[in-house]
Structures are given as structure tokens and as C-alpha cells.
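Reading through the C-alpha cells given below for one structure.
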Amino acid sequence: MGEEPGGAAPGLEKAAETAAGLVDEERRAALLRRITEEGGFAYVSSAEKAAGGDLRAAEAAREMAWEQLHSGPWHEVVPAWREAYAMACLHVAELRAGAGERKEALRALDMGLIMGGPLLRRDLDAAVERIAAGKDTEADAAANVGDCADKWWEGISKNRDLAEALSILPSRSLSCKKVEKQSSLSLETFIYDYFLRDSPVIISGCIDHWPAMTRWKDIEYLKRVAGDRTVPIEVGKNYLCSEWKQELITFSQFLERIQSTNCPANVPYLAQHPLFDQIRELRDDIMIPDYCFAGGGELRSLNAWFGPLGTVTPLHHDPHHNLFAQVVGRKYIRLYPASASENLYPHAESMLSNSSQVDLDNIDYQEFPKVEGLDFIDCVLEEGEMLYIPPKWWHYVRSLSTSFSVSFWWGATASSLQGT
């Protein structure tokens, strides 16, 4: 027998039941009340229909929430609309998955994880795990696995020769004082000799046991665990350049761009993104170093920095303690102490006040004369090494090869710093 006119297919009916039950009724009702208070009557109406299996209504609700997310500066977005966006993404994903559209479902869930609020994160994670479990084998059956792997290793192996690396680095690189290196540094020594003294140090021999040290060099592994997931990337020289932009693409597309990009203006970079909150398989490949508990504080953010040769993070400083772990490839890093701030010409705008106007790759000494001859320390951070960057220390970073790094930001309690 044929379906009733306008009736839903069995798969969609099952998906509708899942979508309705995914967010427990109490939280769902509370969120819809908050949205109603914000004037989102049309959203609430569409969300109710979406919970009943109406894909068109689910897409409409997601679009309404998306518009609210882009109605002004991000910090002014009403939190309830971020939660509303996540709920709509859940509805869309479940209905798409029920129709056999697995990749579209995963994209919706990733958008919910990236743009949504924290209320429904567990629901999003659970939906990702369930939908990803039904992965098709299309991505696994690549015909050119060997060529792809060879090209990947070629990218990782670039600029092992120091003379070769110097040709692409800023002037005076590796000519001043080097960052101090220590092997398997004890936590006590780290705290007293570096943490309390706001002194950078490179630590080796502490992350060799991470599964990431081998797995992330395998491009087929990365495709298998993350290939269909959607991630935000930066495109362009760096975030201070006018041609810089952001895009949302799948992880597989990003890996392809890493291997094919030759133009500095189009360098793709997955930068300062909480990738490990989004893709749990990659989070399981790393561990939080004990050093990140120095000062009795807590971890503030755990971010990925992944891209090809030539990615640049311009000279800037951050407010937190930073342990920067180099997992794949190598990076050049230059550091200036906080005391050098007035000689590094910070931007006047509040949004960029932690960034320098000085382009170290092309310094204009007439416009920025104080930077000439300014002392700094620098290093080439190799695979398996971690660099401790104290708060407010200015740093510039350039990848010398295909590179995958992890930054651990943490804050210290005020009492732990007394007497320093």
C-alpha cells in the first residue's frame, strides 16, 4: 500500500520520535519559554512542528535562530538564542539522519556544537556518536591512499635544515638569546624556576606517550575519525590582514587544502578552535599535562592549531598561562617580555589591543622605530616539545612545515602568586 498523502516515511517517523525525546521535556519547555520571552513566537511555533517530524519547520527554526546569532556583536547575543540554535540543529540532524542523509546530519550537529550554547551539548555529542556510528565506507575507499600518505609525510618533513628555515623567517631570527630547554622537568622545578618567575621554557620528554604523537601523522586516521565533521578555518595570511576570512568546511576538505595550498594569500588554518570539545576521538589522543595545574588554577581553554607550511599568528599576547604542545611538524616562535609592550606598538582599538601593529615579516622601521634592535628570545619548537608562555608575553608564531599543535590555557589563583 502507498503512503497517506502528506504522511511521513517510516524513517522520518522514527527520527521525529528521536528528535522529540532527545531533549527532555522539562529543559525543552523551559527553553521555549525563554525564547517566547525574547519575542521568538515564530521560532517556538516552528520548533513544535519540528519536534513532530516536520523537516521544513526544523530548517526554518534553525534559520531564525541563525539570524539572531548574527544580529549584532557576538558578546551581545542573548544566550537563549544560542540554545535555540542548538535545539534546531538537533531537530534538523535527527530528521536528516532518518532520511539517510548522514553527512548533512553531522554538519547540522557540528554547527550546533560550534555556534550553540552549553545547555544541549551532551545531547549534541550523543547524537554525533550515534549518527557517526553508521558511517558509510565511501571515505575509507580512497584509491590514492599511498600517494596521499607520501605527500602528507613530505609536508610534515619540510624545513628540517635550519639554513632552509632561516630563509622564510623574520630578520634576526635565531640570532639572539634562545628559549631555555629542559627535559622531563619536575612540576616543582617548573613552578619555582619558571612559573613564578614568568619565564618561558621549552619542556621535552613529557608527551611522547600521547597517542596523538603517532596517530596525527596518519592522514587516513584523521580522515577516518574526523573527515565528515565540519570545522571553522581561517584563510589568508593572518587575522590582521584585510583579505583574511573564515570558512566552514569538512575536515577532509581541510586536509585536502593543506596538501594543495601554495599561495600565502590562501593559506588555510584551523586556529584557536576548541576542536577537542567537538571531536572526542581526537581529545582521547592527548592528555592534560600536570604543569597546567600550577598555581592552583583551572584549565580555561584547550585549542587546536593545525595547518600547512606558512601559517602565521602575528605578534600578540594572551591573558592566561599557556602551554603550547607541538605534536606534528615544527614551528618558529619569537617572544618579547611584557615590559617591551610600549615598543611593540599595540593597536589602539580595544578588540585588537593585545596585537602589535608591527609586521615582523615586513617591518616598517620608519613607522615603528622603537622595535629596531629590540631584544627577544626565540626557538624552533620541534615535535614532542612544549613551550611555556607566561601571561602577557608577546609571541609570534610561524609554521615551518605541516603542523598540528595544542594550546592549554589556564589561570592561577591570586593566593598562589603572593610573594612572587
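Residue numbering restarts at 1 in every chain; chains get A, B, ... in the order shown in the C-alpha cells, and ligands count up from 1 in that same order.
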
Near-Trp153 of chain A list (12 Å; only C-alpha atoms; drop same-chain fewer than 2 positions) as a list in words: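 Contacts, with the query itself left out: Gly146, Asp147, Cys148, Ala149, Asp150, Lys151, Gly155, Ile156, Ser157, Lys158, Trp216, Lys217, Asp218, Ile219, Glu220, Gln259, Pro308, Val328, Gly329, Ser401, Thr402 and Ser403 of chain A.
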
Report the closest atom pair, with its distance in Å rounded to one decimal, for each residue of segment 277-342 of chain A that has an atom no farther than 6 Å from segment 379-382 of chain A; count only C-alpha atoms, sort by chain and then rising residue number, and write it as JSON lines.
{"residue": "A:Arg330", "atom": "CA", "partner": "A:Glu382", "partner_atom": "CA", "distance": 4.8}
{"residue": "A:Lys331", "atom": "CA", "partner": "A:Leu381", "partner_atom": "CA", "distance": 5.2}
{"residue": "A:Tyr332", "atom": "CA", "partner": "A:Val380", "partner_atom": "CA", "distance": 4.4}
{"residue": "A:Ile333", "atom": "CA", "partner": "A:Cys379", "partner_atom": "CA", "distance": 5.6}

Contacts between segment 234-238 of chain A and segment 267-362 of chain A, please, where a residue of segment 267-362 of chain A counts if it comes within 10 Å (with only C-alpha atoms); show its shortest atom pair and distance in Å to one decimal, rows by chain and ascending number, as CSV.
residue,atom,partner,partner_atom,distance
A:Val267,CA,A:Gly236,CA,5.4
A:Pro268,CA,A:Val235,CA,4.7
A:Tyr269,CA,A:Glu234,CA,5.0
A:Leu270,CA,A:Glu234,CA,6.2
A:Ala271,CA,A:Glu234,CA,6.9
A:Gln272,CA,A:Glu234,CA,10.0
A:Gly307,CA,A:Glu234,CA,9.8
A:Gly310,CA,A:Lys237,CA,8.3
A:Thr311,CA,A:Lys237,CA,7.0
A:Val312,CA,A:Asn238,CA,6.0
A:Thr313,CA,A:Asn238,CA,6.2
A:Pro314,CA,A:Asn238,CA,6.8

Prev. selection, all heavy atoms, output as a PDB file, in the first residue's frame:
ATOM      1  N   VAL A 267      46.315  30.524   2.483  1.00  0.00           N
ATOM      2  CA  VAL A 267      46.725  29.501   3.445  1.00  0.00           C
ATOM      3  C   VAL A 267      45.558  29.181   4.383  1.00  0.00           C
ATOM      4  O   VAL A 267      45.013  30.081   5.027  1.00  0.00           O
ATOM      5  CB  VAL A 267      47.939  29.976   4.264  1.00  0.00           C
ATOM      6  CG1 VAL A 267      48.228  29.006   5.408  1.00  0.00           C
ATOM      7  CG2 VAL A 267      49.158  30.096   3.375  1.00  0.00           C
ATOM      8  N   PRO A 268      45.151  27.912   4.476  1.00  0.00           N
ATOM      9  CA  PRO A 268      44.071  27.534   5.403  1.00  0.00           C
ATOM     10  C   PRO A 268      44.642  27.235   6.784  1.00  0.00           C
ATOM     11  O   PRO A 268      45.706  26.630   6.907  1.00  0.00           O
ATOM     12  CB  PRO A 268      43.500  26.265   4.755  1.00  0.00           C
ATOM     13  CG  PRO A 268      44.691  25.631   4.094  1.00  0.00           C
ATOM     14  CD  PRO A 268      45.605  26.755   3.664  1.00  0.00           C
ATOM     15  N   TYR A 269      43.946  27.653   7.812  1.00  0.00           N
ATOM     16  CA  TYR A 269      44.452  27.451   9.174  1.00  0.00           C
ATOM     17  C   TYR A 269      43.284  27.193  10.119  1.00  0.00           C
ATOM     18  O   TYR A 269      42.365  28.004  10.220  1.00  0.00           O
ATOM     19  CB  TYR A 269      45.217  28.697   9.622  1.00  0.00           C
ATOM     20  CG  TYR A 269      46.142  28.515  10.807  1.00  0.00           C
ATOM     21  CD1 TYR A 269      46.514  27.257  11.267  1.00  0.00           C
ATOM     22  CD2 TYR A 269      46.688  29.625  11.447  1.00  0.00           C
ATOM     23  CE1 TYR A 269      47.384  27.106  12.336  1.00  0.00           C
ATOM     24  CE2 TYR A 269      47.561  29.494  12.518  1.00  0.00           C
ATOM     25  CZ  TYR A 269      47.903  28.236  12.961  1.00  0.00           C
ATOM     26  OH  TYR A 269      48.774  28.093  14.017  1.00  0.00           O
ATOM     27  N   LEU A 270      43.307  26.050  10.777  1.00  0.00           N
ATOM     28  CA  LEU A 270      42.356  25.761  11.842  1.00  0.00           C
ATOM     29  C   LEU A 270      43.018  26.286  13.109  1.00  0.00           C
ATOM     30  O   LEU A 270      43.875  25.632  13.690  1.00  0.00           O
ATOM     31  CB  LEU A 270      42.084  24.262  11.924  1.00  0.00           C
ATOM     32  CG  LEU A 270      40.847  23.816  12.713  1.00  0.00           C
ATOM     33  CD1 LEU A 270      40.412  22.419  12.279  1.00  0.00           C
ATOM     34  CD2 LEU A 270      41.097  23.830  14.203  1.00  0.00           C
ATOM     35  N   ALA A 271      42.632  27.505  13.505  1.00  0.00           N
ATOM     36  CA  ALA A 271      43.368  28.224  14.545  1.00  0.00           C
ATOM     37  C   ALA A 271      42.497  28.540  15.749  1.00  0.00           C
ATOM     38  O   ALA A 271      41.365  28.999  15.610  1.00  0.00           O
ATOM     39  CB  ALA A 271      43.935  29.529  13.971  1.00  0.00           C
ATOM     40  N   GLN A 272      43.052  28.289  16.936  1.00  0.00           N
ATOM     41  CA  GLN A 272      42.398  28.596  18.214  1.00  0.00           C
ATOM     42  C   GLN A 272      40.952  28.108  18.236  1.00  0.00           C
ATOM     43  O   GLN A 272      40.040  28.835  18.629  1.00  0.00           O
ATOM     44  CB  GLN A 272      42.455  30.100  18.510  1.00  0.00           C
ATOM     45  CG  GLN A 272      42.217  30.410  19.971  1.00  0.00           C
ATOM     46  CD  GLN A 272      42.502  31.863  20.330  1.00  0.00           C
ATOM     47  OE1 GLN A 272      43.268  32.544  19.651  1.00  0.00           O
ATOM     48  NE2 GLN A 272      41.881  32.345  21.382  1.00  0.00           N
ATOM     49  N   GLY A 307      47.624  23.368  10.451  1.00  0.00           N
ATOM     50  CA  GLY A 307      47.695  23.942   9.111  1.00  0.00           C
ATOM     51  C   GLY A 307      48.971  23.555   8.397  1.00  0.00           C
ATOM     52  O   GLY A 307      49.812  22.825   8.926  1.00  0.00           O
ATOM     53  N   GLY A 310      53.693  27.751   6.490  1.00  0.00           N
ATOM     54  CA  GLY A 310      53.385  29.149   6.165  1.00  0.00           C
ATOM     55  C   GLY A 310      52.273  29.787   6.967  1.00  0.00           C
ATOM     56  O   GLY A 310      51.987  30.965   6.772  1.00  0.00           O
ATOM     57  N   THR A 311      51.628  29.058   7.878  1.00  0.00           N
ATOM     58  CA  THR A 311      50.630  29.726   8.713  1.00  0.00           C
ATOM     59  C   THR A 311      51.346  30.678   9.671  1.00  0.00           C
ATOM     60  O   THR A 311      52.444  30.400  10.143  1.00  0.00           O
ATOM     61  CB  THR A 311      49.796  28.728   9.535  1.00  0.00           C
ATOM     62  OG1 THR A 311      50.669  27.997  10.413  1.00  0.00           O
ATOM     63  CG2 THR A 311      49.054  27.756   8.621  1.00  0.00           C
ATOM     64  N   VAL A 312      50.709  31.823   9.928  1.00  0.00           N
ATOM     65  CA  VAL A 312      51.312  32.846  10.787  1.00  0.00           C
ATOM     66  C   VAL A 312      50.294  33.331  11.812  1.00  0.00           C
ATOM     67  O   VAL A 312      49.161  33.668  11.456  1.00  0.00           O
ATOM     68  CB  VAL A 312      51.813  34.049   9.967  1.00  0.00           C
ATOM     69  CG1 VAL A 312      52.255  35.191  10.889  1.00  0.00           C
ATOM     70  CG2 VAL A 312      52.954  33.649   9.050  1.00  0.00           C
ATOM     71  N   THR A 313      50.695  33.345  13.063  1.00  0.00           N
ATOM     72  CA  THR A 313      49.942  34.053  14.096  1.00  0.00           C
ATOM     73  C   THR A 313      50.760  35.294  14.420  1.00  0.00           C
ATOM     74  O   THR A 313      51.887  35.186  14.913  1.00  0.00           O
ATOM     75  CB  THR A 313      49.762  33.191  15.356  1.00  0.00           C
ATOM     76  OG1 THR A 313      49.073  31.989  15.015  1.00  0.00           O
ATOM     77  CG2 THR A 313      48.956  33.944  16.402  1.00  0.00           C
ATOM     78  N   PRO A 314      50.231  36.501  14.109  1.00  0.00           N
ATOM     79  CA  PRO A 314      51.024  37.724  14.285  1.00  0.00           C
ATOM     80  C   PRO A 314      51.330  38.013  15.743  1.00  0.00           C
ATOM     81  O   PRO A 314      50.744  37.423  16.659  1.00  0.00           O
ATOM     82  CB  PRO A 314      50.126  38.804  13.667  1.00  0.00           C
ATOM     83  CG  PRO A 314      48.732  38.267  13.790  1.00  0.00           C
ATOM     84  CD  PRO A 314      48.864  36.782  13.619  1.00  0.00           C
TER      85      PRO A 314
END

Option closest in space to Thr250 of chain A, from A:Val358, A:Ser405, A:Thr189, A:Leu222 [counting only C-alpha atoms]: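 The closest residue to Thr250 of chain A is A:Leu222.
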
Report as a tab-separated table (two decimals) with N, CA, C and O atoms, in the first residue's frame all protein, DNA and RNA residues lying within 8 Å of Glu298 of chain A, evaluated on only C-alpha atoms, omitting residues in the same chain fewer than 6 positions from it.
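Just written: out_17.tsv:
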chain	number	residue	atom	x	y	z
A	292	CYS	N	49.82	22.22	33.91
A	292	CYS	CA	48.66	23.10	33.76
A	292	CYS	C	47.89	23.29	35.06
A	292	CYS	O	46.91	24.06	35.09
A	410	TRP	N	45.53	28.19	31.11
A	410	TRP	CA	44.98	28.05	32.46
A	410	TRP	C	45.27	29.32	33.27
A	410	TRP	O	46.15	30.10	32.93
A	411	GLY	N	44.44	29.51	34.30
A	411	GLY	CA	44.60	30.66	35.18
A	411	GLY	C	45.08	30.21	36.56
A	411	GLY	O	44.77	29.09	36.98
A	412	ALA	N	45.81	31.07	37.24
A	412	ALA	CA	46.28	30.75	38.58
A	412	ALA	C	45.48	31.54	39.59
A	412	ALA	O	45.00	32.64	39.32

Two-atom distance - atom CA of Ala88 of chain A, atom CA of Val231 of chain A (Å):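 These atoms are spaced 18.8 Å apart.
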
Which of A:Pro232, A:Pro200, A:Pro170, A:Gly373 sits closest to Tyr396 of chain A [using only C-alpha atoms]: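 Closest candidate: A:Pro170.
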
Residues within 12 Å of Glu180 of chain A, only C-alpha atoms, excluding chain neighbours under 3 positions, as a list in words: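 Answer for this query is Lys177, Ser183, Leu185, Asp193, Tyr194, Ser199, Pro200, Val201, Ile202, Ile203, Ser204, Ile377, Asp378, Cys379, Val380, Leu381, Met386, Leu387, Tyr388 and Ile389 of chain A.
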
Those same residues - all heavy atoms - I'd like them written as a short mmCIF file (atom, residue, chain, number, x, y, z; two decimals), in the first residue's frame.
data_model
loop_
_atom_site.label_atom_id
_atom_site.label_comp_id
_atom_site.auth_asym_id
_atom_site.auth_seq_id
_atom_site.Cartn_x
_atom_site.Cartn_y
_atom_site.Cartn_z
N LYS A 177 69.07 35.54 22.02
CA LYS A 177 69.01 34.53 23.07
C LYS A 177 67.94 33.49 22.75
O LYS A 177 66.84 33.82 22.32
CB LYS A 177 68.69 35.20 24.41
CG LYS A 177 68.70 34.25 25.59
CD LYS A 177 68.37 35.00 26.88
CE LYS A 177 68.32 34.04 28.07
NZ LYS A 177 67.96 34.75 29.33
N SER A 183 64.55 18.92 29.94
CA SER A 183 63.98 17.61 29.65
C SER A 183 63.30 17.05 30.89
O SER A 183 63.88 17.07 31.98
CB SER A 183 65.07 16.65 29.18
OG SER A 183 64.54 15.36 28.96
N LEU A 185 61.03 17.99 32.98
CA LEU A 185 61.10 18.93 34.11
C LEU A 185 60.11 18.53 35.20
O LEU A 185 58.95 18.23 34.92
CB LEU A 185 60.77 20.32 33.59
CG LEU A 185 61.07 21.54 34.45
CD1 LEU A 185 62.57 21.65 34.71
CD2 LEU A 185 60.56 22.80 33.74
N ASP A 193 61.12 27.74 39.18
CA ASP A 193 62.12 28.33 38.28
C ASP A 193 61.51 29.05 37.07
O ASP A 193 62.18 29.91 36.48
CB ASP A 193 63.08 27.26 37.77
CG ASP A 193 64.01 26.74 38.86
OD1 ASP A 193 63.96 27.30 39.98
OD2 ASP A 193 64.78 25.80 38.60
N TYR A 194 60.28 28.74 36.74
CA TYR A 194 59.70 29.33 35.52
C TYR A 194 58.32 29.95 35.75
O TYR A 194 58.11 31.12 35.42
CB TYR A 194 59.63 28.25 34.41
CG TYR A 194 60.99 27.67 34.12
CD1 TYR A 194 61.37 26.45 34.69
CD2 TYR A 194 61.92 28.36 33.35
CE1 TYR A 194 62.65 25.93 34.47
CE2 TYR A 194 63.19 27.85 33.12
CZ TYR A 194 63.55 26.64 33.70
OH TYR A 194 64.80 26.15 33.48
N SER A 199 58.85 33.11 33.33
CA SER A 199 59.96 32.86 32.43
C SER A 199 59.62 31.71 31.47
O SER A 199 59.31 30.60 31.91
CB SER A 199 61.21 32.50 33.23
OG SER A 199 62.31 32.26 32.37
N PRO A 200 59.67 31.95 30.16
CA PRO A 200 59.38 30.88 29.19
C PRO A 200 60.39 29.74 29.29
O PRO A 200 61.55 29.95 29.66
CB PRO A 200 59.49 31.60 27.83
CG PRO A 200 59.31 33.05 28.14
CD PRO A 200 59.93 33.25 29.49
N VAL A 201 59.94 28.54 28.95
CA VAL A 201 60.83 27.39 28.92
C VAL A 201 60.26 26.34 27.96
O VAL A 201 59.04 26.20 27.85
CB VAL A 201 61.02 26.79 30.33
CG1 VAL A 201 59.70 26.27 30.90
CG2 VAL A 201 62.07 25.68 30.34
N ILE A 202 61.15 25.63 27.28
CA ILE A 202 60.75 24.50 26.45
C ILE A 202 60.94 23.23 27.26
O ILE A 202 62.01 23.02 27.85
CB ILE A 202 61.58 24.43 25.16
CG1 ILE A 202 61.27 25.64 24.26
CG2 ILE A 202 61.29 23.13 24.40
CD1 ILE A 202 62.19 25.74 23.06
N ILE A 203 59.92 22.39 27.29
CA ILE A 203 59.97 21.14 28.06
C ILE A 203 59.84 19.97 27.08
O ILE A 203 58.89 19.92 26.29
CB ILE A 203 58.83 21.08 29.09
CG1 ILE A 203 58.84 22.33 29.97
CG2 ILE A 203 58.96 19.81 29.94
CD1 ILE A 203 57.62 22.45 30.86
N SER A 204 60.77 19.05 27.14
CA SER A 204 60.73 17.87 26.27
C SER A 204 60.56 16.61 27.11
O SER A 204 60.72 16.62 28.33
CB SER A 204 62.00 17.77 25.42
OG SER A 204 63.14 17.61 26.26
N ILE A 377 63.63 36.59 22.65
CA ILE A 377 64.12 35.22 22.67
C ILE A 377 63.29 34.43 21.67
O ILE A 377 62.14 34.79 21.39
CB ILE A 377 64.04 34.59 24.08
CG1 ILE A 377 62.60 34.58 24.61
CG2 ILE A 377 64.97 35.31 25.04
CD1 ILE A 377 62.46 33.88 25.95
N ASP A 378 63.86 33.38 21.10
CA ASP A 378 63.10 32.62 20.10
C ASP A 378 63.55 31.16 20.08
O ASP A 378 64.49 30.76 20.78
CB ASP A 378 63.19 33.27 18.72
CG ASP A 378 64.62 33.32 18.16
OD1 ASP A 378 65.57 32.92 18.87
OD2 ASP A 378 64.79 33.77 17.01
N CYS A 379 62.86 30.39 19.26
CA CYS A 379 63.16 28.96 19.18
C CYS A 379 62.47 28.36 17.97
O CYS A 379 61.55 28.95 17.38
CB CYS A 379 62.68 28.23 20.43
SG CYS A 379 60.88 28.22 20.63
N VAL A 380 62.91 27.17 17.59
CA VAL A 380 62.15 26.30 16.70
C VAL A 380 61.61 25.19 17.58
O VAL A 380 62.38 24.43 18.18
CB VAL A 380 63.02 25.72 15.57
CG1 VAL A 380 62.23 24.67 14.79
CG2 VAL A 380 63.49 26.83 14.63
N LEU A 381 60.30 25.15 17.73
CA LEU A 381 59.66 24.15 18.57
C LEU A 381 59.47 22.87 17.76
O LEU A 381 58.76 22.87 16.75
CB LEU A 381 58.31 24.68 19.09
CG LEU A 381 57.70 23.94 20.28
CD1 LEU A 381 58.58 24.10 21.52
CD2 LEU A 381 56.29 24.44 20.55
N MET A 386 57.08 21.08 24.38
CA MET A 386 56.06 22.03 24.83
C MET A 386 56.74 23.33 25.24
O MET A 386 57.80 23.31 25.88
CB MET A 386 55.28 21.47 26.03
CG MET A 386 54.51 20.20 25.75
SD MET A 386 53.44 19.72 27.15
CE MET A 386 54.68 19.33 28.40
N LEU A 387 56.13 24.45 24.88
CA LEU A 387 56.66 25.76 25.24
C LEU A 387 55.73 26.41 26.25
O LEU A 387 54.53 26.58 25.98
CB LEU A 387 56.79 26.65 24.00
CG LEU A 387 57.12 28.13 24.25
CD1 LEU A 387 58.50 28.26 24.90
CD2 LEU A 387 57.06 28.93 22.96
N TYR A 388 56.28 26.81 27.39
CA TYR A 388 55.50 27.57 28.37
C TYR A 388 55.63 29.05 28.05
O TYR A 388 56.73 29.60 28.00
CB TYR A 388 56.00 27.30 29.79
CG TYR A 388 55.42 28.26 30.81
CD1 TYR A 388 54.03 28.34 31.00
CD2 TYR A 388 56.24 29.11 31.56
CE1 TYR A 388 53.49 29.23 31.92
CE2 TYR A 388 55.70 30.00 32.48
CZ TYR A 388 54.33 30.07 32.65
OH TYR A 388 53.78 30.95 33.55
N ILE A 389 54.47 29.70 27.82
CA ILE A 389 54.42 31.14 27.53
C ILE A 389 53.66 31.80 28.67
O ILE A 389 52.45 31.58 28.83
CB ILE A 389 53.71 31.43 26.19
CG1 ILE A 389 54.37 30.65 25.04
CG2 ILE A 389 53.71 32.92 25.90
CD1 ILE A 389 53.64 30.80 23.71
#

Residue with smallest distance to Lys370 of chain A - pool A:Tyr345, A:Trp305, A:Tyr239, A:Tyr43, counting only C-alpha atoms: A:Tyr345

Gap from atom CA of Leu174 of chain A to atom CA of His317 of chain A - Å, one decimal: 20.4 Å

Every residue of segment 141-246 of chain A that DSSP places in strand (DSSP E or B), as number ranges by chain: A: 177-178, 181-183, 201-204, 230-235, 245-246

For atom CA of Lys181 of chain A and atom CA of Trp210 of chain A, the interatomic separation in Å (one decimal): 20.2 Å
